[in-house]
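Colleague: Just entry02.tsv, nothing more (TSV, C-alpha atoms):
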```tsv
chain	number	residue	atom	x	y	z
E	1400	MET	CA	125.78	2.05	-3.53
E	1401	THR	CA	123.30	0.86	-0.92
E	1402	VAL	CA	125.04	2.97	1.73
E	1403	ALA	CA	124.89	6.10	-0.46
E	1404	ILE	CA	121.14	5.76	-1.09
E	1405	ALA	CA	120.52	4.83	2.56
E	1406	LEU	CA	122.25	8.08	3.60
E	1407	LEU	CA	119.90	9.96	1.27
E	1408	ALA	CA	116.90	8.18	2.81
E	1409	VAL	CA	118.03	9.09	6.35
E	1410	SER	CA	118.63	12.69	5.28
E	1411	CYS	CA	115.19	12.88	3.70
E	1412	PHE	CA	113.52	11.30	6.75
E	1413	PHE	CA	114.96	13.83	9.19
E	1414	LEU	CA	114.19	16.65	6.78
E	1415	TRP	CA	110.60	15.42	6.70
E	1416	VAL	CA	109.94	14.84	10.41
E	1417	ARG	CA	112.40	17.22	12.11
E	1418	LYS	CA	113.17	19.90	9.50
E	1419	ALA	CA	116.83	19.02	10.10
E	1420	GLN	CA	119.18	21.85	9.09
E	1421	TRP	CA	122.09	19.39	8.82
E	1422	ALA	CA	120.38	17.19	6.19
E	1423	TRP	CA	122.71	18.55	3.51
E	1424	THR	CA	125.76	16.98	5.19
E	1425	LEU	CA	124.35	13.47	4.65
E	1426	VAL	CA	123.56	14.33	1.03
E	1427	MET	CA	127.16	15.46	0.52
E	1428	ALA	CA	128.43	12.25	2.17
E	1429	ALA	CA	126.26	10.24	-0.26
E	1430	LEU	CA	127.62	12.23	-3.21
E	1431	ILE	CA	131.22	11.66	-2.08
E	1432	ILE	CA	130.54	7.91	-1.96
E	1433	GLY	CA	129.00	8.24	-5.44
E	1434	ILE	CA	132.09	10.05	-6.75
E	1435	VAL	CA	134.35	7.32	-5.32
E	1436	ILE	CA	132.21	4.60	-6.98
E	1437	PHE	CA	132.26	6.55	-10.26
E	1438	ILE	CA	136.04	7.01	-10.26
E	1439	THR	CA	136.54	3.34	-9.39
E	1440	ASP	CA	134.19	2.33	-12.22
E	1441	VAL	CA	136.15	4.32	-14.81
E	1442	ASP	CA	139.18	2.03	-14.40
E	1443	PHE	CA	141.69	4.54	-15.74
E	1444	SER	CA	144.54	2.07	-16.18
E	1445	ALA	CA	142.52	-0.09	-18.60
E	1446	ASN	CA	140.49	2.57	-20.42
E	1447	LEU	CA	142.65	5.61	-20.89
E	1448	GLY	CA	145.68	3.60	-21.94
E	1449	ILE	CA	143.97	2.72	-25.23
E	1450	GLN	CA	141.55	5.62	-25.63
E	1451	LEU	CA	144.29	8.24	-25.43
T	607	MET	CA	116.73	44.71	-10.15
T	608	LYS	CA	114.02	45.03	-7.46
T	609	GLY	CA	111.20	44.82	-9.99
T	610	ALA	CA	112.30	41.54	-11.51
T	611	THR	CA	112.39	39.26	-8.49
T	612	ILE	CA	110.25	36.28	-7.50
T	613	SER	CA	108.76	35.97	-4.03
T	614	PRO	CA	109.94	33.22	-1.62
T	615	GLU	CA	106.49	31.59	-1.94
T	616	VAL	CA	106.78	31.35	-5.72
T	617	GLU	CA	110.34	30.12	-5.35
T	618	ARG	CA	109.22	27.33	-3.02
T	619	VAL	CA	106.39	26.35	-5.36
T	620	LEU	CA	108.96	26.12	-8.18
T	621	ASN	CA	111.12	23.92	-5.95
T	622	PHE	CA	108.08	21.74	-5.23
T	623	ILE	CA	107.49	21.33	-8.98
T	624	GLY	CA	111.16	20.46	-9.52
T	625	MET	CA	111.15	17.98	-6.65
T	626	MET	CA	108.00	16.24	-7.91
T	627	ALA	CA	109.49	16.14	-11.43
T	628	MET	CA	112.48	14.23	-9.99
T	629	VAL	CA	110.13	11.92	-8.09
T	630	GLY	CA	108.25	11.30	-11.36
T	631	VAL	CA	111.47	10.47	-13.22
T	632	LEU	CA	112.56	8.09	-10.44
T	633	LEU	CA	109.17	6.36	-10.41
T	634	GLY	CA	109.36	6.09	-14.23
T	635	ALA	CA	112.77	4.43	-13.89
T	636	TYR	CA	111.29	1.89	-11.46
T	637	VAL	CA	108.39	1.22	-13.84
T	638	TYR	CA	110.91	0.51	-16.62
T	639	GLN	CA	112.99	-1.65	-14.29
T	640	PHE	CA	110.11	-3.93	-13.29
T	641	LEU	CA	108.21	-3.81	-16.60
T	642	TYR	CA	111.20	-4.90	-18.70
T	643	ARG	CA	112.86	-6.91	-15.90
T	644	GLU	CA	116.21	-5.14	-16.28
T	645	LEU	CA	118.27	-4.28	-13.23
T	646	PRO	CA	120.00	-0.88	-13.33
T	647	CYS	CA	123.78	-0.87	-13.82
T	648	THR	CA	126.27	0.94	-11.58
T	649	LEU	CA	126.21	4.10	-13.72
T	650	CYS	CA	122.39	3.99	-13.87
T	651	LEU	CA	122.20	3.80	-10.08
T	652	LEU	CA	124.67	6.68	-9.73
T	653	GLN	CA	122.35	8.78	-11.91
T	654	ARG	CA	119.44	7.84	-9.62
T	655	VAL	CA	121.55	8.91	-6.60
T	656	ALA	CA	122.13	12.28	-8.29
T	657	MET	CA	118.40	12.66	-9.04
T	658	MET	CA	117.49	11.85	-5.42
T	659	ALA	CA	120.09	14.34	-4.15
T	660	ILE	CA	118.72	17.05	-6.46
T	661	ALA	CA	115.22	16.32	-5.14
T	662	ILE	CA	116.48	16.57	-1.55
T	663	GLY	CA	118.12	19.92	-2.36
T	664	ALA	CA	114.74	21.16	-3.61
T	665	ALA	CA	113.07	19.58	-0.55
T	666	MET	CA	115.39	21.58	1.73
T	667	ASN	CA	114.31	24.77	-0.05
T	668	LEU	CA	110.72	23.71	0.57
T	669	ARG	CA	111.02	22.68	4.23
T	670	LEU	CA	113.67	25.10	5.48
T	671	GLY	CA	113.20	28.02	3.10
T	672	PRO	CA	115.20	29.00	0.00
T	673	ASP	CA	118.93	29.18	0.68
T	674	PRO	CA	122.06	29.28	-1.54
T	675	ARG	CA	123.39	26.18	0.26
T	676	HIS	CA	120.34	24.17	-0.81
T	677	TYR	CA	120.77	25.27	-4.40
T	678	GLY	CA	124.44	24.28	-4.05
T	679	VAL	CA	123.32	20.74	-3.18
T	680	CYS	CA	121.22	20.69	-6.37
T	681	LEU	CA	124.09	21.98	-8.52
T	682	VAL	CA	126.74	19.62	-7.13
T	683	SER	CA	124.35	16.68	-7.56
T	684	ALA	CA	123.47	17.73	-11.12
T	685	ALA	CA	127.18	18.05	-11.95
T	686	LEU	CA	127.83	14.50	-10.72
T	687	GLY	CA	124.77	13.19	-12.57
T	688	ALA	CA	125.83	14.95	-15.77
T	689	ALA	CA	129.36	13.51	-15.53
T	690	VAL	CA	127.99	9.99	-15.08
T	691	SER	CA	125.36	10.20	-17.83
T	692	ILE	CA	127.84	11.76	-20.30
T	693	ARG	CA	130.31	8.96	-19.58
T	694	GLN	CA	127.65	6.29	-20.09
T	695	THR	CA	126.56	7.92	-23.36
T	696	MET	CA	130.18	8.12	-24.53
T	697	LEU	CA	130.79	4.46	-23.70
T	698	HIS	CA	127.98	3.49	-26.08
T	699	ILE	CA	129.09	5.91	-28.80
T	700	ASN	CA	132.78	4.97	-28.64
T	701	PRO	CA	133.40	2.13	-31.16
T	702	TYR	CA	136.61	1.17	-29.35
T	703	PHE	CA	134.88	0.22	-26.11
T	704	ASP	CA	133.05	-3.08	-25.87
T	705	THR	CA	130.27	-2.50	-23.34
T	706	ARG	CA	129.37	-6.22	-23.26
T	707	ALA	CA	132.91	-7.16	-22.23
T	708	GLY	CA	133.24	-3.97	-20.18
T	709	LYS	CA	136.69	-3.09	-21.59
T	710	PRO	CA	138.37	-1.28	-24.50
T	711	THR	CA	139.03	-3.05	-27.76
T	712	LEU	CA	141.44	-2.39	-30.67
T	713	GLU	CA	138.83	-3.35	-33.29
T	714	ALA	CA	135.84	-1.08	-33.97
T	715	THR	CA	132.62	-2.55	-32.63
T	716	THR	CA	128.94	-1.60	-32.44
T	717	ASN	CA	127.52	-1.49	-28.94
T	718	PRO	CA	123.88	-2.28	-28.25
T	719	PRO	CA	122.10	0.33	-26.09
T	720	PHE	CA	121.66	-0.45	-22.38
T	721	GLY	CA	118.00	-0.84	-21.46
T	722	GLN	CA	114.91	0.30	-23.30
T	723	ALA	CA	114.75	3.58	-25.25
T	724	LEU	CA	112.18	6.26	-24.42
T	725	VAL	CA	110.88	8.33	-27.36
T	726	GLY	CA	113.86	7.23	-29.40
T	727	LEU	CA	116.51	8.20	-26.85
T	728	ASP	CA	118.22	5.91	-24.36
T	729	LEU	CA	117.67	6.66	-20.69
T	730	TYR	CA	121.26	7.83	-20.13
T	731	VAL	CA	120.88	10.33	-23.00
T	732	TRP	CA	117.74	11.59	-21.27
T	733	GLY	CA	119.94	11.81	-18.17
T	734	VAL	CA	122.30	14.26	-19.94
T	735	ILE	CA	119.30	16.39	-20.94
T	736	LEU	CA	117.75	16.20	-17.45
T	737	PHE	CA	120.89	17.20	-15.52
T	738	GLY	CA	121.62	19.99	-17.99
T	739	THR	CA	118.06	21.25	-17.52
T	740	VAL	CA	118.45	21.23	-13.72
T	741	ILE	CA	121.64	23.33	-13.93
T	742	LEU	CA	119.88	25.73	-16.31
T	743	CYS	CA	116.76	26.03	-14.11
T	744	VAL	CA	118.77	26.64	-10.91
T	745	GLY	CA	120.73	29.34	-12.75
T	746	ILE	CA	117.55	31.04	-13.97
T	747	VAL	CA	115.96	30.97	-10.50
T	748	GLN	CA	119.15	32.50	-9.06
T	749	LEU	CA	118.89	35.33	-11.58
T	750	PHE	CA	115.47	36.32	-10.26
T	751	ARG	CA	115.75	35.50	-6.55
T	752	GLY	CA	114.57	38.16	-4.17
T	753	ALA	CA	115.92	38.85	-0.68
T	754	ALA	CA	115.27	36.02	1.81
T	755	ARG	CA	112.44	36.64	4.26
T	756	THR	CA	113.60	36.75	7.86
T	757	ASP	CA	110.31	36.85	9.80
T	758	GLY	CA	109.89	33.03	9.57
T	759	ARG	CA	106.20	33.28	8.58
T	760	GLU	CA	104.90	31.07	5.82
T	761	PRO	CA	101.44	30.28	4.44
T	762	GLU	CA	99.79	27.23	6.02
T	763	TRP	CA	99.01	25.64	2.64
T	764	LEU	CA	102.65	25.90	1.61
T	765	SER	CA	103.78	24.28	4.83
T	766	ARG	CA	101.37	21.38	4.30
T	767	LEU	CA	102.37	21.03	0.64
T	768	ALA	CA	106.03	20.86	1.67
T	769	ALA	CA	105.37	18.19	4.32
T	770	VAL	CA	103.37	15.99	1.92
T	771	GLY	CA	105.88	16.41	-0.92
T	772	VAL	CA	108.91	15.60	1.24
T	773	GLY	CA	107.02	12.62	2.70
T	774	VAL	CA	106.42	11.24	-0.81
T	775	LEU	CA	110.09	11.81	-1.65
T	776	PHE	CA	111.16	9.93	1.50
T	777	PHE	CA	109.12	6.85	0.54
T	778	VAL	CA	110.56	6.87	-2.99
T	779	VAL	CA	114.14	7.12	-1.66
T	780	ALA	CA	113.43	4.45	0.98
T	781	PHE	CA	112.09	2.17	-1.77
T	782	GLY	CA	115.27	2.89	-3.74
T	783	THR	CA	117.37	1.88	-0.72
T	784	LEU	CA	115.47	-1.42	-0.45
T	785	THR	CA	115.72	-2.33	-4.15
T	786	THR	CA	119.40	-1.35	-4.30
T	787	PHE	CA	120.14	-3.53	-1.27
T	788	LEU	CA	118.26	-6.45	-2.84
T	789	GLU	CA	120.16	-5.94	-6.12
T	790	CYS	CA	123.69	-5.20	-4.88
T	791	GLY	CA	123.88	-5.95	-1.15
T	792	PHE	CA	126.81	-3.93	0.17
T	793	GLY	CA	129.09	-4.79	-2.77
T	794	ASP	CA	129.40	-4.07	-6.48
T	795	CYS	CA	126.24	-3.91	-8.58
T	796	PRO	CA	125.78	-6.16	-11.66
T	797	ASN	CA	126.35	-4.42	-15.00
T	798	ASP	CA	124.83	-6.92	-17.44
T	799	GLY	CA	121.26	-5.58	-17.41
T	800	GLY	CA	119.80	-8.96	-16.40
T	801	TRP	CA	117.47	-9.88	-13.55
T	802	ASP	CA	120.12	-11.32	-11.21
T	803	TRP	CA	119.24	-9.98	-7.74
T	804	TRP	CA	122.04	-10.37	-5.18
T	805	MET	CA	119.53	-11.31	-2.47
T	806	PHE	CA	117.91	-14.11	-4.48
T	807	ARG	CA	121.02	-15.85	-5.82
```
Turn this file's structure into structure tokens for me.
Modeller:
Amino acid sequence: MTVAIALLAVSCFFLWVRKAQWAWTLVMAALIIGIVIFITDVDFSANLGIQL
Amino acid sequence: MKGATISPEVERVLNFIGMMAMVGVLLGAYVYQFLYRELPCTLCLLQRVAMMAIAIGAAMNLRLGPDPRHYGVCLVSAALGAAVSIRQTMLHINPYFDTRAGKPTLEATTNPPFGQALVGLDLYVWGVILFGTVILCVGIVQLFRGAARTDGREPEWLSRLAAVGVGVLFFVVAFGTLTTFLECGFGDCPNDGGWDWWMFR
């Protein structure tokens, strides 16, 4: 989680001081890390087995 | 539809308002965190990540000029945030999931809400409303967008406003990085809503 938010901070910093056009790539990298954390947190094998 | 378009300046001011709204929500979350001494859970932090990413999408519109790619960042982030907040809401509604044990149960149970409520709604329910509103607002702005300006000129006041706003956003996100590191380190984040910082164990 720390890495995802750190990527957002770096993206925001370069957007602020350099008007970096590539800032969106770091945001997308942070979101991909977030999606991986989210999917891992769901724990499909434990949850869906009973809920379905 | 030439008559019903908004100018790039108005569009950037709208993005500034949206960005500062996200900054306000993030600061409110930190006030709740420290006031009630409750660390955010994994799903809560993921919603903060989505809010920060939405704010950065708006910041890109401010600093670099309105662009479909920047709105795409906002939409993808809002979609992730909505998925996370809907799941967290469902976990607390579902009687066959014990949120205290963090696993499903065969006997119906009543789950206490996570964290403090705001105006009668839990923060993750506000999250569903917030992310839905972002998707709606981006859609409405897209309906009335005019052609992008190509001469590169922009009013001085707007340029200064953008620099100050993005600077404020950077400090909020940097503060978020620090508190998340202190809470979770580089591993999993605690999900019990206590005050157990990883750094101070």
Colleague: Give me the residues of chain E that have any atom at most 7 Å from an atom of chain T; for each, the nearest atom pair and the distance in Å, rounded to one decimal. Use only C-alpha atoms, sort by chain and number, and format it as a Markdown table.
Modeller:
```
| residue | atom | partner | partner_atom | distance |
| --- | --- | --- | --- | --- |
| E:Thr1401 | CA | T:Phe787 | CA | 5.4 |
| E:Ile1404 | CA | T:Thr783 | CA | 5.4 |
| E:Ala1405 | CA | T:Thr783 | CA | 5.4 |
| E:Leu1407 | CA | T:Ala659 | CA | 7.0 |
| E:Ala1408 | CA | T:Val779 | CA | 5.4 |
| E:Cys1411 | CA | T:Phe776 | CA | 5.5 |
| E:Phe1412 | CA | T:Phe776 | CA | 5.9 |
| E:Trp1415 | CA | T:Val772 | CA | 5.7 |
| E:Lys1418 | CA | T:Arg669 | CA | 6.3 |
| E:Val1426 | CA | T:Ala659 | CA | 6.2 |
| E:Gly1433 | CA | T:Leu652 | CA | 6.3 |
| E:Asn1446 | CA | T:Pro710 | CA | 6.0 |
| E:Ile1449 | CA | T:Pro710 | CA | 6.9 |
```
Colleague: So which one's closest to Ala753 in chain T, T:Asn667, T:Cys647, T:Cys680, T:Pro614? Using all atoms listed in the file, please.
Modeller: T:Pro614
Colleague: From the list T:Leu645, T:Ala664, T:Ile699, T:Met626, which residue is nearest Leu1414 in chain E when using all atoms listed in the file?
Modeller: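 Under the stated criterion, the closest residue is T:Ala664.
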Colleague: Between CA of Leu764 in chain T and CA of Met657 in chain T, what is the distance in Å, rounded to a tenth?
Modeller: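 Those two atoms sit 23.2 Å apart.
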Colleague: Using CA of Asp704 in chain T and CA of Leu724 in chain T as the two end points, give the distance in Å to one decimal.
Modeller: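 It comes out at 22.9 Å.
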Colleague: What does the structure give for the distance between CA of Gly630 in chain T and CA of Met1400 in chain E, in Å to one decimal?
Modeller: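 A separation of 21.3 Å between them.
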Colleague: Neighbouring residues of range 733-737 of chain T were defined as those with any atom within 7 Å, considering all atoms listed in the file; residues of the same chain fewer than 2 positions away were excluded. Please report them as a ChimeraX atom specification.
Modeller: /T:684,687-688,691-692,729-731,739-741
Colleague: Residues near Phe750 in chain T, anyone? I mean within 8 Å using only C-alpha atoms, not counting same-chain ones fewer than 3 positions away, as JSON, numbers by chain.
Modeller: {"T": [610, 611, 612, 746, 747]}
Colleague: Can you find the residues with an atom no farther than 9 Å from (117.1, -3.0, -18.8), counting all atoms listed in the file, and report them as number ranges by chain?
Modeller: T: 638-640, 642-647, 720-722, 798-801
Colleague: Provide range 684-702 of chain T rebuilt to N, CA and C atoms, formatted as a PDB file, in the frame of the given file.
Modeller:
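Below you can see part_37.pdb, which holds the result:
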```pdb
ATOM      1  N   ALA T 684     123.692  17.711  -9.666  1.00  0.00           N
ATOM      2  CA  ALA T 684     123.470  17.730 -11.120  1.00  0.00           C
ATOM      3  C   ALA T 684     124.791  17.589 -11.859  1.00  0.00           C
ATOM      4  N   ALA T 685     125.865  18.178 -11.308  1.00  0.00           N
ATOM      5  CA  ALA T 685     127.180  18.050 -11.950  1.00  0.00           C
ATOM      6  C   ALA T 685     127.638  16.595 -11.940  1.00  0.00           C
ATOM      7  N   LEU T 686     127.457  15.919 -10.791  1.00  0.00           N
ATOM      8  CA  LEU T 686     127.830  14.500 -10.720  1.00  0.00           C
ATOM      9  C   LEU T 686     126.974  13.679 -11.694  1.00  0.00           C
ATOM     10  N   GLY T 687     125.665  13.925 -11.685  1.00  0.00           N
ATOM     11  CA  GLY T 687     124.770  13.190 -12.570  1.00  0.00           C
ATOM     12  C   GLY T 687     125.124  13.406 -14.035  1.00  0.00           C
ATOM     13  N   ALA T 688     125.459  14.646 -14.394  1.00  0.00           N
ATOM     14  CA  ALA T 688     125.830  14.950 -15.770  1.00  0.00           C
ATOM     15  C   ALA T 688     127.117  14.216 -16.158  1.00  0.00           C
ATOM     16  N   ALA T 689     128.099  14.205 -15.247  1.00  0.00           N
ATOM     17  CA  ALA T 689     129.360  13.510 -15.530  1.00  0.00           C
ATOM     18  C   ALA T 689     129.105  12.030 -15.788  1.00  0.00           C
ATOM     19  N   VAL T 690     128.263  11.429 -14.952  1.00  0.00           N
ATOM     20  CA  VAL T 690     127.990   9.990 -15.080  1.00  0.00           C
ATOM     21  C   VAL T 690     127.224   9.697 -16.367  1.00  0.00           C
ATOM     22  N   SER T 691     126.182  10.489 -16.648  1.00  0.00           N
ATOM     23  CA  SER T 691     125.360  10.200 -17.830  1.00  0.00           C
ATOM     24  C   SER T 691     126.141  10.476 -19.121  1.00  0.00           C
ATOM     25  N   ILE T 692     127.000  11.504 -19.104  1.00  0.00           N
ATOM     26  CA  ILE T 692     127.840  11.760 -20.300  1.00  0.00           C
ATOM     27  C   ILE T 692     128.807  10.603 -20.507  1.00  0.00           C
ATOM     28  N   ARG T 693     129.389  10.112 -19.421  1.00  0.00           N
ATOM     29  CA  ARG T 693     130.310   8.960 -19.580  1.00  0.00           C
ATOM     30  C   ARG T 693     129.572   7.742 -20.131  1.00  0.00           C
ATOM     31  N   GLN T 694     128.382   7.466 -19.608  1.00  0.00           N
ATOM     32  CA  GLN T 694     127.650   6.290 -20.090  1.00  0.00           C
ATOM     33  C   GLN T 694     127.267   6.443 -21.569  1.00  0.00           C
ATOM     34  N   THR T 695     126.875   7.661 -21.950  1.00  0.00           N
ATOM     35  CA  THR T 695     126.560   7.920 -23.360  1.00  0.00           C
ATOM     36  C   THR T 695     127.796   7.705 -24.227  1.00  0.00           C
ATOM     37  N   MET T 696     128.931   8.244 -23.771  1.00  0.00           N
ATOM     38  CA  MET T 696     130.180   8.120 -24.530  1.00  0.00           C
ATOM     39  C   MET T 696     130.602   6.664 -24.678  1.00  0.00           C
ATOM     40  N   LEU T 697     130.406   5.871 -23.639  1.00  0.00           N
ATOM     41  CA  LEU T 697     130.790   4.460 -23.700  1.00  0.00           C
ATOM     42  C   LEU T 697     130.043   3.746 -24.825  1.00  0.00           C
ATOM     43  N   HIS T 698     128.767   4.147 -25.042  1.00  0.00           N
ATOM     44  CA  HIS T 698     127.980   3.490 -26.080  1.00  0.00           C
ATOM     45  C   HIS T 698     128.238   4.074 -27.462  1.00  0.00           C
ATOM     46  N   ILE T 699     128.755   5.307 -27.510  1.00  0.00           N
ATOM     47  CA  ILE T 699     129.090   5.910 -28.800  1.00  0.00           C
ATOM     48  C   ILE T 699     130.461   5.431 -29.266  1.00  0.00           C
ATOM     49  N   ASN T 700     131.391   5.309 -28.315  1.00  0.00           N
ATOM     50  CA  ASN T 700     132.780   4.970 -28.640  1.00  0.00           C
ATOM     51  C   ASN T 700     132.878   3.571 -29.268  1.00  0.00           C
ATOM     52  N   PRO T 701     133.313   3.458 -30.526  1.00  0.00           N
ATOM     53  CA  PRO T 701     133.400   2.130 -31.160  1.00  0.00           C
ATOM     54  C   PRO T 701     134.547   1.293 -30.601  1.00  0.00           C
ATOM     55  N   TYR T 702     135.465   1.918 -29.880  1.00  0.00           N
ATOM     56  CA  TYR T 702     136.610   1.170 -29.350  1.00  0.00           C
ATOM     57  C   TYR T 702     136.428   0.794 -27.883  1.00  0.00           C
TER      58      TYR T 702
END
```
